[in-house]
$ cat input_11.pdb   # PDB, C-alpha atoms
ATOM      1  CA  ARG A   1      68.196 109.029 -51.045
ATOM      2  CA  THR A   2      66.571 107.248 -48.852
ATOM      3  CA  ASN A   3      65.378 109.431 -47.025
ATOM      4  CA  SER A   4      66.902 109.701 -45.374
ATOM      5  CA  ASN A   5      66.742 110.748 -41.917
ATOM      6  CA  LYS A   6      65.303 114.210 -42.091
ATOM      7  CA  THR A   7      67.351 116.513 -39.883
ATOM      8  CA  ASN A   8      66.336 119.863 -41.407
ATOM      9  CA  TYR A   9      63.523 120.413 -38.932
ATOM     10  CA  PHE A  10      66.032 120.349 -36.058
ATOM     11  CA  ASN A  11      67.631 123.608 -37.226
ATOM     12  CA  LYS A  12      65.788 126.059 -35.014
ATOM     13  CA  TYR A  13      66.243 123.896 -31.946
ATOM     14  CA  ILE A  14      69.938 123.332 -32.541
ATOM     15  CA  GLU A  15      70.558 127.052 -33.043
ATOM     16  CA  LYS A  16      68.739 127.862 -29.800
ATOM     17  CA  SER A  17      70.690 125.274 -27.843
ATOM     18  CA  ALA A  18      74.165 125.884 -29.239
ATOM     19  CA  GLU A  19      75.609 126.241 -25.733
ATOM     20  CA  SER A  20      73.630 123.310 -24.356
ATOM     21  CA  LYS A  21      74.795 119.704 -24.302
ATOM     22  CA  GLU A  22      71.317 118.281 -24.675
ATOM     23  CA  LEU A  23      68.475 119.232 -26.979
ATOM     24  CA  GLU A  24      65.955 117.727 -24.583
ATOM     25  CA  SER A  25      66.134 120.729 -22.238
ATOM     26  CA  LYS A  26      64.982 123.003 -25.079
ATOM     27  CA  ILE A  27      61.860 121.173 -26.293
ATOM     28  CA  THR A  28      58.525 120.340 -24.706
ATOM     29  CA  ARG A  29      57.480 116.837 -23.686
ATOM     30  CA  ALA A  30      54.964 116.736 -26.556
ATOM     31  CA  GLU A  31      57.679 117.670 -29.066
ATOM     32  CA  GLU A  32      59.961 115.027 -27.586
ATOM     33  CA  LYS A  33      57.277 112.369 -28.104
ATOM     34  CA  GLN A  34      56.907 113.432 -31.733
ATOM     35  CA  PHE A  35      60.696 113.336 -32.167
ATOM     36  CA  GLU A  36      60.682 109.856 -30.698
ATOM     37  CA  GLN A  37      57.938 108.635 -33.047
ATOM     38  CA  LEU A  38      59.773 110.169 -36.018
ATOM     39  CA  SER A  39      62.982 108.431 -34.945
ATOM     40  CA  TRP A  40      61.366 104.990 -35.003
ATOM     41  CA  GLU A  41      59.602 105.656 -38.313
ATOM     42  CA  THR A  42      62.920 106.710 -39.862
ATOM     43  CA  CYS A  43      64.840 103.895 -38.208
ATOM     44  CA  ASP A  44      62.356 101.285 -39.440
ATOM     45  CA  LEU A  45      62.515 102.676 -42.971
ATOM     46  CA  LEU A  46      66.323 102.587 -43.039
ATOM     47  CA  LEU A  47      66.463  99.063 -41.612
ATOM     48  CA  PHE A  48      63.886  97.827 -44.111
ATOM     49  CA  TYR A  49      65.850  99.417 -46.951
ATOM     50  CA  ILE A  50      69.034  97.775 -45.698
ATOM     51  CA  GLU A  51      67.317  94.389 -45.488
ATOM     52  CA  GLN A  52      65.778  94.718 -48.950
ATOM     53  CA  TYR A  53      68.529  96.528 -50.869
ATOM     54  CA  SER A  54      71.652  96.238 -48.618
ATOM     55  CA  LYS A  55      73.766  99.068 -47.190
ATOM     56  CA  GLU A  56      75.907  99.125 -50.309
ATOM     57  CA  ASN A  57      72.942 100.330 -52.361
ATOM     58  CA  ILE A  58      71.894 103.173 -50.064
ATOM     59  CA  CYS A  59      73.565 106.581 -50.179
ATOM     60  CA  ILE A  60      72.731 109.844 -48.443
ATOM     61  CA  VAL A  61      73.716 112.820 -50.579
ATOM     62  CA  THR A  62      73.588 116.052 -48.612
ATOM     63  CA  ALA A  63      74.878 119.563 -49.275
ATOM     64  CA  SER A  64      74.917 120.397 -45.555
ATOM     65  CA  ARG A  65      78.098 121.577 -43.864
ATOM     66  CA  GLU A  66      80.670 118.880 -43.168
ATOM     67  CA  GLY A  67      79.906 117.301 -39.793
ATOM     68  CA  TRP A  68      76.487 118.950 -39.437
ATOM     69  CA  ILE A  69      74.395 115.746 -39.621
ATOM     70  CA  LYS A  70      76.599 114.089 -37.016
ATOM     71  CA  LYS A  71      76.247 117.122 -34.746
ATOM     72  CA  ALA A  72      72.475 117.295 -35.262
ATOM     73  CA  LEU A  73      71.993 113.619 -34.427
ATOM     74  CA  SER A  74      74.188 113.948 -31.343
ATOM     75  CA  TYR A  75      71.671 116.428 -29.897
ATOM     76  CA  VAL A  76      68.869 113.856 -30.129
ATOM     77  CA  TYR A  77      71.023 110.752 -29.584
ATOM     78  CA  TYR A  78      69.203 109.649 -26.437
ATOM     79  CA  ILE A  79      65.695 110.132 -27.849
ATOM     80  CA  GLY A  80      63.994 107.075 -29.350
ATOM     81  CA  GLY A  81      65.886 105.383 -32.159
ATOM     82  CA  TYR A  82      68.264 108.217 -33.065
ATOM     83  CA  SER A  83      71.206 106.332 -31.554
ATOM     84  CA  ILE A  84      70.510 103.486 -34.013
ATOM     85  CA  ILE A  85      70.311 105.937 -36.925
ATOM     86  CA  TYR A  86      73.570 107.506 -35.714
ATOM     87  CA  GLY A  87      75.189 104.078 -35.705
ATOM     88  CA  LEU A  88      73.943 103.270 -39.209
ATOM     89  CA  LEU A  89      75.538 106.478 -40.503
ATOM     90  CA  PHE A  90      78.734 106.803 -38.488
ATOM     91  CA  ASP A  91      79.783 103.429 -37.047
ATOM     92  CA  ASP A  92      81.738 100.762 -38.923
ATOM     93  CA  ASP A  93      80.240  99.302 -42.123
ATOM     94  CA  THR A  94      77.853 102.215 -42.423
ATOM     95  CA  ILE A  95      75.507 103.663 -45.030
ATOM     96  CA  SER A  96      77.399 105.766 -47.561
ATOM     97  CA  LEU A  97      77.311 109.530 -46.954
ATOM     98  CA  ALA A  98      78.276 112.000 -49.706
ATOM     99  CA  GLN A  99      78.950 115.491 -48.381
ATOM    100  CA  PRO A 100      80.878 118.523 -49.659
ATOM    101  CA  SER A 101      84.031 119.760 -47.984
ATOM    102  CA  CYS A 102      83.920 123.091 -46.139
ATOM    103  CA  ALA A 103      85.433 124.829 -49.180
ATOM    104  CA  GLN A 104      82.919 123.202 -51.522
ATOM    105  CA  HIS A 105      80.022 124.061 -49.203
ATOM    106  CA  LYS A 106      80.750 127.797 -49.479
ATOM    107  CA  LYS A 107      80.597 127.574 -53.272
ATOM    108  CA  LEU A 108      77.298 125.668 -53.141
ATOM    109  CA  MET A 109      75.659 128.463 -51.179
ATOM    110  CA  LYS A 110      76.152 131.082 -53.921
ATOM    111  CA  LYS A 111      72.912 132.566 -55.231
ATOM    112  CA  CYS A 112      71.686 131.636 -58.686
ATOM    113  CA  SER A 113      68.249 132.349 -60.137
ATOM    114  CA  ASP A 114      68.434 129.402 -62.552
ATOM    115  CA  LEU A 115      67.703 126.240 -60.557
ATOM    116  CA  SER A 116      69.167 123.969 -63.226
ATOM    117  CA  LYS A 117      72.488 125.841 -63.100
ATOM    118  CA  HIS A 118      72.624 126.412 -59.337
ATOM    119  CA  PRO A 119      75.949 125.161 -57.843
ATOM    120  CA  CYS A 120      74.045 122.945 -55.401
ATOM    121  CA  THR A 121      72.014 121.344 -58.196
ATOM    122  CA  GLN A 122      75.131 120.765 -60.257
ATOM    123  CA  TRP A 123      77.022 119.244 -57.309
ATOM    124  CA  LYS A 124      74.153 116.873 -56.511
ATOM    125  CA  TYR A 125      73.870 115.903 -60.168
ATOM    126  CA  GLN A 126      77.576 115.015 -60.178
ATOM    127  CA  MET A 127      77.098 112.872 -57.058
ATOM    128  CA  PHE A 128      74.047 111.125 -58.543
ATOM    129  CA  GLU A 129      75.802 110.518 -61.853
ATOM    130  CA  GLN A 130      78.773 109.051 -60.011
ATOM    131  CA  ILE A 131      76.501 106.683 -58.073
ATOM    132  CA  VAL A 132      74.752 105.525 -61.257
ATOM    133  CA  ASP A 133      78.110 104.965 -62.986
ATOM    134  CA  GLU A 134      79.311 102.879 -60.035
ATOM    135  CA  LYS A 135      76.127 100.894 -59.389
ATOM    136  CA  ALA A 136      74.369 100.400 -62.729
ATOM    137  CA  LYS A 137      74.956  97.054 -64.380
ATOM    138  CA  ILE A 138      74.281  96.918 -68.101
ATOM    139  CA  SER A 139      72.640  93.602 -68.905
ATOM    140  CA  ASP A 140      69.573  92.463 -70.828
ATOM    141  CA  ASN A 141      68.516  90.390 -67.815
ATOM    142  CA  LEU A 142      68.861  93.074 -65.164
ATOM    143  CA  ILE A 143      66.791  96.140 -64.257
ATOM    144  CA  ASN A 144      68.541  99.031 -62.455
ATOM    145  CA  THR A 145      66.300 101.197 -60.273
ATOM    146  CA  PHE A 146      67.490 104.402 -58.608
ATOM    147  CA  VAL A 147      65.144 106.216 -56.216
ATOM    148  CA  ILE A 148      66.045 109.804 -55.290
ATOM    149  CA  ILE A 149      64.157 111.231 -52.311
ATOM    150  CA  GLY A 150      64.690 114.716 -50.892
ATOM    151  CA  ASP A 151      63.041 117.852 -49.557
ATOM    152  CA  SER A 152      64.747 120.465 -51.716
ATOM    153  CA  TYR A 153      64.318 121.370 -55.375
ATOM    154  CA  PHE A 154      68.070 120.979 -55.878
ATOM    155  CA  GLU A 155      68.028 117.175 -55.808
ATOM    156  CA  PHE A 156      64.629 117.130 -57.524
ATOM    157  CA  GLU A 157      66.080 119.081 -60.450
ATOM    158  CA  ALA A 158      69.339 117.104 -60.361
ATOM    159  CA  ALA A 159      67.334 113.872 -60.531
ATOM    160  CA  LYS A 160      65.403 115.264 -63.518
ATOM    161  CA  GLN A 161      68.688 115.948 -65.300
ATOM    162  CA  LEU A 162      69.887 112.473 -64.387
ATOM    163  CA  ARG A 163      66.827 110.932 -66.049
ATOM    164  CA  LYS A 164      67.860 112.633 -69.303
ATOM    165  CA  PHE A 165      71.375 111.226 -68.818
ATOM    166  CA  VAL A 166      70.052 107.635 -68.715
ATOM    167  CA  ASP A 167      67.322 108.066 -71.346
ATOM    168  CA  ASP A 168      69.187 105.978 -73.900
ATOM    169  CA  ILE A 169      69.835 103.120 -71.476
ATOM    170  CA  ASP A 170      66.967 100.627 -71.594
ATOM    171  CA  ASN A 171      67.452  98.995 -68.203
ATOM    172  CA  VAL A 172      68.081 102.037 -65.946
ATOM    173  CA  PHE A 173      65.153 103.867 -64.357
ATOM    174  CA  ILE A 174      65.231 106.991 -62.163
ATOM    175  CA  HIS A 175      62.365 107.604 -59.736
ATOM    176  CA  ARG A 176      62.265 110.955 -57.937
ATOM    177  CA  ILE A 177      60.243 112.015 -54.897
ATOM    178  CA  LYS A 178      60.017 115.589 -53.634
ATOM    179  CA  LEU A 179      59.088 115.994 -49.950
ATOM    180  CA  GLU A 180      58.075 119.256 -48.226
ATOM    181  CA  ASN A 181      60.745 121.943 -47.798
ATOM    182  CA  SER A 182      59.941 123.016 -44.243
ATOM    183  CA  PRO A 183      57.782 120.261 -42.773
ATOM    184  CA  THR A 184      56.429 119.948 -39.258
ATOM    185  CA  ILE A 185      57.355 116.819 -37.344
ATOM    186  CA  LYS A 186      53.846 115.462 -38.007
ATOM    187  CA  THR A 187      54.367 115.934 -41.731
ATOM    188  CA  LEU A 188      57.738 114.188 -41.538
ATOM    189  CA  ILE A 189      56.037 111.221 -39.877
ATOM    190  CA  LYS A 190      53.374 111.137 -42.616
ATOM    191  CA  GLU A 191      56.087 111.276 -45.273
ATOM    192  CA  GLN A 192      57.937 108.374 -43.674
ATOM    193  CA  ASN A 193      54.696 106.386 -43.548
ATOM    194  CA  MET A 194      54.161 107.037 -47.250
ATOM    195  CA  LEU A 195      57.709 105.946 -48.094
ATOM    196  CA  ASN A 196      57.220 102.791 -46.061
ATOM    197  CA  ARG A 197      54.038 101.958 -47.954
ATOM    198  CA  LEU A 198      55.793 102.495 -51.282
ATOM    199  CA  ARG A 199      58.465 100.051 -50.194
ATOM    200  CA  LYS A 200      55.992  97.453 -48.934
ATOM    201  CA  ASP A 201      53.900  97.691 -52.108
ATOM    202  CA  ARG A 202      57.053  97.373 -54.243
ATOM    203  CA  TYR A 203      56.002 100.552 -56.039
ATOM    204  CA  TYR A 204      59.480 101.233 -57.458
ATOM    205  CA  GLN A 205      59.776  97.730 -58.894
ATOM    206  CA  ILE A 206      56.312  97.943 -60.481
ATOM    207  CA  TYR A 207      57.313 101.061 -62.427
ATOM    208  CA  SER A 208      60.739  99.768 -63.420
ATOM    209  CA  ILE A 209      59.773  96.219 -64.336
ATOM    210  CA  LEU A 210      56.131  96.348 -65.417
ATOM    211  CA  LYS A 211      55.605  99.915 -66.620
ATOM    212  CA  GLN A 212      59.198 100.330 -67.828
ATOM    213  CA  CYS A 213      59.409 104.000 -66.875
ATOM    214  CA  GLY A 214      60.446 106.305 -64.049
ATOM    215  CA  PHE A 215      57.895 108.098 -61.905
ATOM    216  CA  CYS A 216      57.819 111.543 -60.322
ATOM    217  CA  LEU A 217      56.004 112.517 -57.125
ATOM    218  CA  GLN A 218      55.677 115.726 -55.093
ATOM    219  CA  TYR A 219      54.322 115.269 -51.587
ATOM    220  CA  SER A 220      51.623 117.579 -50.258
ATOM    221  CA  LYS A 221      49.070 117.451 -47.449
ATOM    222  CA  LYS A 222      46.352 116.705 -50.033
ATOM    223  CA  LEU A 223      48.221 113.719 -51.423
ATOM    224  CA  ARG A 224      46.656 110.335 -50.671
ATOM    225  CA  TYR A 225      47.916 106.862 -51.459
ATOM    226  CA  GLU A 226      45.394 104.029 -51.615
ATOM    227  CA  SER A 227      45.322 100.660 -53.337
ATOM    228  CA  GLY A 228      48.651 101.273 -55.015
ATOM    229  CA  GLU A 229      47.670 104.595 -56.585
ATOM    230  CA  PHE A 230      48.238 108.277 -55.732
ATOM    231  CA  PHE A 231      45.566 110.952 -55.898
ATOM    232  CA  TYR A 232      45.079 114.499 -54.610
ATOM    233  CA  GLN A 233      42.051 115.329 -52.489
ATOM    234  CA  GLN A 234      40.170 118.459 -53.541
TER     235      GLN A 234
END
$ encode --input "input_11.pdb" --output "structure tokens"
Amino acid sequence: RTNSNKTNYFNKYIEKSAESKELESKITRAEEKQFEQLSWETCDLLLFYIEQYSKENICIVTASREGWIKKALSYVYYIGGYSIIYGLLFDDDTISLAQPSCAQHKKLMKKCSDLSKHPCTQWKYQMFEQIVDEKAKISDNLINTFVIIGDSYFEFEAAKQLRKFVDDIDNVFIHRIKLENSPTIKTLIKEQNMLNRLRKDRYYQIYSILKQCGFCLQYSKKLRYESGEFFYQQ
């Protein structure tokens, strides 16, 4: 997932401005500038992914209510690059978007203490498995790399289960990245910067082709990435 454009942080603003046509009237100028910077960081990342991997190999899997992402982006449409992101997701020849129906969404919200058996985890696993079945090409001369990026433990756990599913397949590798659950806009920008560096350094390819294994990463404020390696500052 590429990351996808991260809309979760917009929640509190959208709820406050439910009767307003524009989000801009509900946020400060400083917040708007941060939103704008985040929009270009996200837009650049998506465009780079499209250039490097093509639209056909990018999919956003979200358990949000049907139509919610479109509504959220419409509130910030005129800020920075959000109109471009909107177009990439909802205009013709767009990035694939997997989302539950309204009836499915209600079932996904049921409480479950076991993360591995949570309806949301199971639904995301099914979506991921479907993508792998559709995209993976079994060949001795081809390496299949799937990168799953998200901010919830549902997709993180689903991706873990998916790695077990492909364990016996030599040329399929699952990389999973867990971002912060409730990040500030500044943290979102830092996360996008990190994802951009991973792409530029061909980090996913290095693990799939050279190290022949998947990698797992959980983002935190102490996480640093330098010279192609991750470390946590004490």
$ residues_around --input "input_11.pdb" --residues "Cys43 of chain A" --least-positions-apart "6" --cutoff "9 Å" --atoms "only C-alpha atoms" --output "list of chain:residue names"
A:Asn5, A:Gly81, A:Tyr82, A:Ile84, A:Ile85
$ residues_around --input "input_11.pdb" --residues "Phe156 of chain A" --least-positions-apart "2" --cutoff "12 Å" --atoms "only C-alpha atoms" --output "PDB file with C-alpha atoms, keeping the file's coordinate frame"
ATOM      1  CA  ARG A   1      68.196 109.029 -51.045  1.00  0.00           C
ATOM      2  CA  LEU A 115      67.703 126.240 -60.557  1.00  0.00           C
ATOM      3  CA  SER A 116      69.167 123.969 -63.226  1.00  0.00           C
ATOM      4  CA  CYS A 120      74.045 122.945 -55.401  1.00  0.00           C
ATOM      5  CA  THR A 121      72.014 121.344 -58.196  1.00  0.00           C
ATOM      6  CA  GLN A 122      75.131 120.765 -60.257  1.00  0.00           C
ATOM      7  CA  LYS A 124      74.153 116.873 -56.511  1.00  0.00           C
ATOM      8  CA  TYR A 125      73.870 115.903 -60.168  1.00  0.00           C
ATOM      9  CA  PHE A 128      74.047 111.125 -58.543  1.00  0.00           C
ATOM     10  CA  VAL A 147      65.144 106.216 -56.216  1.00  0.00           C
ATOM     11  CA  ILE A 148      66.045 109.804 -55.290  1.00  0.00           C
ATOM     12  CA  ILE A 149      64.157 111.231 -52.311  1.00  0.00           C
ATOM     13  CA  GLY A 150      64.690 114.716 -50.892  1.00  0.00           C
ATOM     14  CA  ASP A 151      63.041 117.852 -49.557  1.00  0.00           C
ATOM     15  CA  SER A 152      64.747 120.465 -51.716  1.00  0.00           C
ATOM     16  CA  TYR A 153      64.318 121.370 -55.375  1.00  0.00           C
ATOM     17  CA  PHE A 154      68.070 120.979 -55.878  1.00  0.00           C
ATOM     18  CA  ALA A 158      69.339 117.104 -60.361  1.00  0.00           C
ATOM     19  CA  ALA A 159      67.334 113.872 -60.531  1.00  0.00           C
ATOM     20  CA  LYS A 160      65.403 115.264 -63.518  1.00  0.00           C
ATOM     21  CA  GLN A 161      68.688 115.948 -65.300  1.00  0.00           C
ATOM     22  CA  LEU A 162      69.887 112.473 -64.387  1.00  0.00           C
ATOM     23  CA  ARG A 163      66.827 110.932 -66.049  1.00  0.00           C
ATOM     24  CA  ILE A 174      65.231 106.991 -62.163  1.00  0.00           C
ATOM     25  CA  HIS A 175      62.365 107.604 -59.736  1.00  0.00           C
ATOM     26  CA  ARG A 176      62.265 110.955 -57.937  1.00  0.00           C
ATOM     27  CA  ILE A 177      60.243 112.015 -54.897  1.00  0.00           C
ATOM     28  CA  LYS A 178      60.017 115.589 -53.634  1.00  0.00           C
ATOM     29  CA  LEU A 179      59.088 115.994 -49.950  1.00  0.00           C
ATOM     30  CA  GLU A 180      58.075 119.256 -48.226  1.00  0.00           C
ATOM     31  CA  ASN A 181      60.745 121.943 -47.798  1.00  0.00           C
ATOM     32  CA  CYS A 216      57.819 111.543 -60.322  1.00  0.00           C
ATOM     33  CA  LEU A 217      56.004 112.517 -57.125  1.00  0.00           C
ATOM     34  CA  GLN A 218      55.677 115.726 -55.093  1.00  0.00           C
TER      35      GLN A 218
END
$ atom_distance --input "input_11.pdb" --atom1 "atom CA of Leu88 of chain A" --atom2 "atom CA of Leu142 of chain A"
28.3 Å
$ resolve_selection --input "input_11.pdb" --expression "the PyMOL selection byres ((chain A and resi 63) around 12)" --output "VMD selection string"
chain A and resid 8 60 to 62 64 to 69 97 to 109 119 to 125 127 150 to 152 154 to 155
$ closest_atom_pairs --input "input_11.pdb" --of "segment 32-115 of chain A" --to "segment 195-209 of chain A" --cutoff "10 Å" --atoms "all atoms listed in the file" --output "Markdown table"
| residue | atom | partner | partner_atom | distance |
| --- | --- | --- | --- | --- |
| A:Glu41 | CA | A:Asn196 | CA | 8.6 |
| A:Thr42 | CA | A:Asn196 | CA | 9.3 |
| A:Asp44 | CA | A:Asn196 | CA | 8.5 |
| A:Leu45 | CA | A:Asn196 | CA | 6.1 |
| A:Leu46 | CA | A:Asn196 | CA | 9.6 |
| A:Phe48 | CA | A:Arg199 | CA | 8.4 |
| A:Tyr49 | CA | A:Arg199 | CA | 8.1 |
| A:Gln52 | CA | A:Arg199 | CA | 9.1 |
$ atom_distance --input "input_11.pdb" --atom1 "atom CA of Ile131 of chain A" --atom2 "atom CA of Asp167 of chain A"
16.2 Å
$ atom_distance --input "input_11.pdb" --atom1 "atom CA of Phe230 of chain A" --atom2 "atom CA of Phe215 of chain A"
11.5 Å
$ closest_residue --input "input_11.pdb" --among "A:Ser220, A:Gln212, A:Asn193, A:Thr28" --to "Trp40 of chain A" --atoms "only C-alpha atoms"
A:Asn193
$ axis_aligned_box --input "input_11.pdb" --around "segment 173-189 of chain A" --padding-each-side "4 Å" --output "JSON"
{"center_x": 59.5, "center_y": 113.4, "center_z": -50.9, "size_x": 19.4, "size_y": 27.1, "size_z": 35.0}
$ closest_residue --input "input_11.pdb" --among "A:Leu38, A:Val172, A:Cys112, A:Leu73" --to "Val132 of chain A" --atoms "all atoms listed in the file"
A:Val172
$ build_atoms --input "input_11.pdb" --residues "segment 152-161 of chain A" --atoms "all heavy atoms" --output "mmCIF file, in the frame of the given file"
data_model
loop_
_atom_site.group_PDB
_atom_site.id
_atom_site.type_symbol
_atom_site.label_atom_id
_atom_site.label_comp_id
_atom_site.auth_asym_id
_atom_site.auth_seq_id
_atom_site.Cartn_x
_atom_site.Cartn_y
_atom_site.Cartn_z
ATOM 1 N N SER A 152 64.422 119.212 -51.027
ATOM 2 C CA SER A 152 64.747 120.465 -51.716
ATOM 3 C C SER A 152 64.576 120.291 -53.221
ATOM 4 O O SER A 152 64.570 119.174 -53.737
ATOM 5 C CB SER A 152 66.192 120.897 -51.412
ATOM 6 O OG SER A 152 67.102 120.259 -52.279
ATOM 7 N N TYR A 153 64.454 121.422 -53.923
ATOM 8 C CA TYR A 153 64.318 121.370 -55.375
ATOM 9 C C TYR A 153 65.660 121.113 -56.051
ATOM 10 O O TYR A 153 65.704 120.825 -57.246
ATOM 11 C CB TYR A 153 63.699 122.668 -55.895
ATOM 12 C CG TYR A 153 62.201 122.708 -55.701
ATOM 13 C CD1 TYR A 153 61.634 123.452 -54.676
ATOM 14 C CD2 TYR A 153 61.352 121.971 -56.530
ATOM 15 C CE1 TYR A 153 60.250 123.481 -54.479
ATOM 16 C CE2 TYR A 153 59.976 121.989 -56.352
ATOM 17 C CZ TYR A 153 59.425 122.742 -55.322
ATOM 18 O OH TYR A 153 58.071 122.748 -55.133
ATOM 19 N N PHE A 154 66.757 121.231 -55.289
ATOM 20 C CA PHE A 154 68.070 120.979 -55.878
ATOM 21 C C PHE A 154 68.196 119.522 -56.320
ATOM 22 O O PHE A 154 68.555 119.242 -57.465
ATOM 23 C CB PHE A 154 69.185 121.330 -54.884
ATOM 24 C CG PHE A 154 69.237 122.779 -54.513
ATOM 25 C CD1 PHE A 154 69.227 123.175 -53.183
ATOM 26 C CD2 PHE A 154 69.295 123.763 -55.489
ATOM 27 C CE1 PHE A 154 69.262 124.523 -52.831
ATOM 28 C CE2 PHE A 154 69.335 125.113 -55.154
ATOM 29 C CZ PHE A 154 69.320 125.487 -53.818
ATOM 30 N N GLU A 155 67.923 118.573 -55.410
ATOM 31 C CA GLU A 155 68.028 117.175 -55.808
ATOM 32 C C GLU A 155 66.900 116.765 -56.753
ATOM 33 O O GLU A 155 67.071 115.887 -57.599
ATOM 34 C CB GLU A 155 68.053 116.232 -54.597
ATOM 35 C CG GLU A 155 66.876 116.331 -53.673
ATOM 36 C CD GLU A 155 67.225 117.130 -52.430
ATOM 37 O OE1 GLU A 155 68.200 117.911 -52.491
ATOM 38 O OE2 GLU A 155 66.529 116.979 -51.412
ATOM 39 N N PHE A 156 65.751 117.424 -56.628
ATOM 40 C CA PHE A 156 64.629 117.130 -57.524
ATOM 41 C C PHE A 156 64.997 117.491 -58.958
ATOM 42 O O PHE A 156 64.729 116.736 -59.895
ATOM 43 C CB PHE A 156 63.399 117.906 -57.064
ATOM 44 C CG PHE A 156 62.091 117.358 -57.566
ATOM 45 C CD1 PHE A 156 61.745 116.039 -57.326
ATOM 46 C CD2 PHE A 156 61.196 118.148 -58.258
ATOM 47 C CE1 PHE A 156 60.533 115.518 -57.782
ATOM 48 C CE2 PHE A 156 59.985 117.654 -58.704
ATOM 49 C CZ PHE A 156 59.658 116.326 -58.471
ATOM 50 N N GLU A 157 65.631 118.643 -59.129
ATOM 51 C CA GLU A 157 66.080 119.081 -60.450
ATOM 52 C C GLU A 157 67.260 118.231 -60.924
ATOM 53 O O GLU A 157 67.326 117.848 -62.100
ATOM 54 C CB GLU A 157 66.485 120.549 -60.407
ATOM 55 C CG GLU A 157 67.133 121.095 -61.679
ATOM 56 C CD GLU A 157 66.224 121.053 -62.895
ATOM 57 O OE1 GLU A 157 64.985 121.080 -62.722
ATOM 58 O OE2 GLU A 157 66.741 120.996 -64.026
ATOM 59 N N ALA A 158 68.180 117.928 -60.005
ATOM 60 C CA ALA A 158 69.339 117.104 -60.361
ATOM 61 C C ALA A 158 68.889 115.723 -60.824
ATOM 62 O O ALA A 158 69.443 115.161 -61.780
ATOM 63 C CB ALA A 158 70.284 116.980 -59.165
ATOM 64 N N ALA A 159 67.858 115.178 -60.151
ATOM 65 C CA ALA A 159 67.334 113.872 -60.531
ATOM 66 C C ALA A 159 66.664 113.931 -61.905
ATOM 67 O O ALA A 159 66.740 112.982 -62.692
ATOM 68 C CB ALA A 159 66.334 113.379 -59.482
ATOM 69 N N LYS A 160 66.025 115.062 -62.198
ATOM 70 C CA LYS A 160 65.403 115.264 -63.518
ATOM 71 C C LYS A 160 66.473 115.248 -64.607
ATOM 72 O O LYS A 160 66.298 114.616 -65.666
ATOM 73 C CB LYS A 160 64.657 116.599 -63.536
ATOM 74 C CG LYS A 160 63.983 116.924 -64.857
ATOM 75 C CD LYS A 160 63.290 118.278 -64.782
ATOM 76 C CE LYS A 160 62.657 118.661 -66.107
ATOM 77 N NZ LYS A 160 62.008 120.014 -66.027
ATOM 78 N N GLN A 161 67.583 115.936 -64.347
ATOM 79 C CA GLN A 161 68.688 115.948 -65.300
ATOM 80 C C GLN A 161 69.292 114.553 -65.455
ATOM 81 O O GLN A 161 69.698 114.152 -66.547
ATOM 82 C CB GLN A 161 69.754 116.942 -64.851
ATOM 83 C CG GLN A 161 69.280 118.393 -64.864
ATOM 84 C CD GLN A 161 70.350 119.361 -64.369
ATOM 85 O OE1 GLN A 161 71.522 119.019 -64.276
ATOM 86 N NE2 GLN A 161 69.936 120.574 -64.027
#
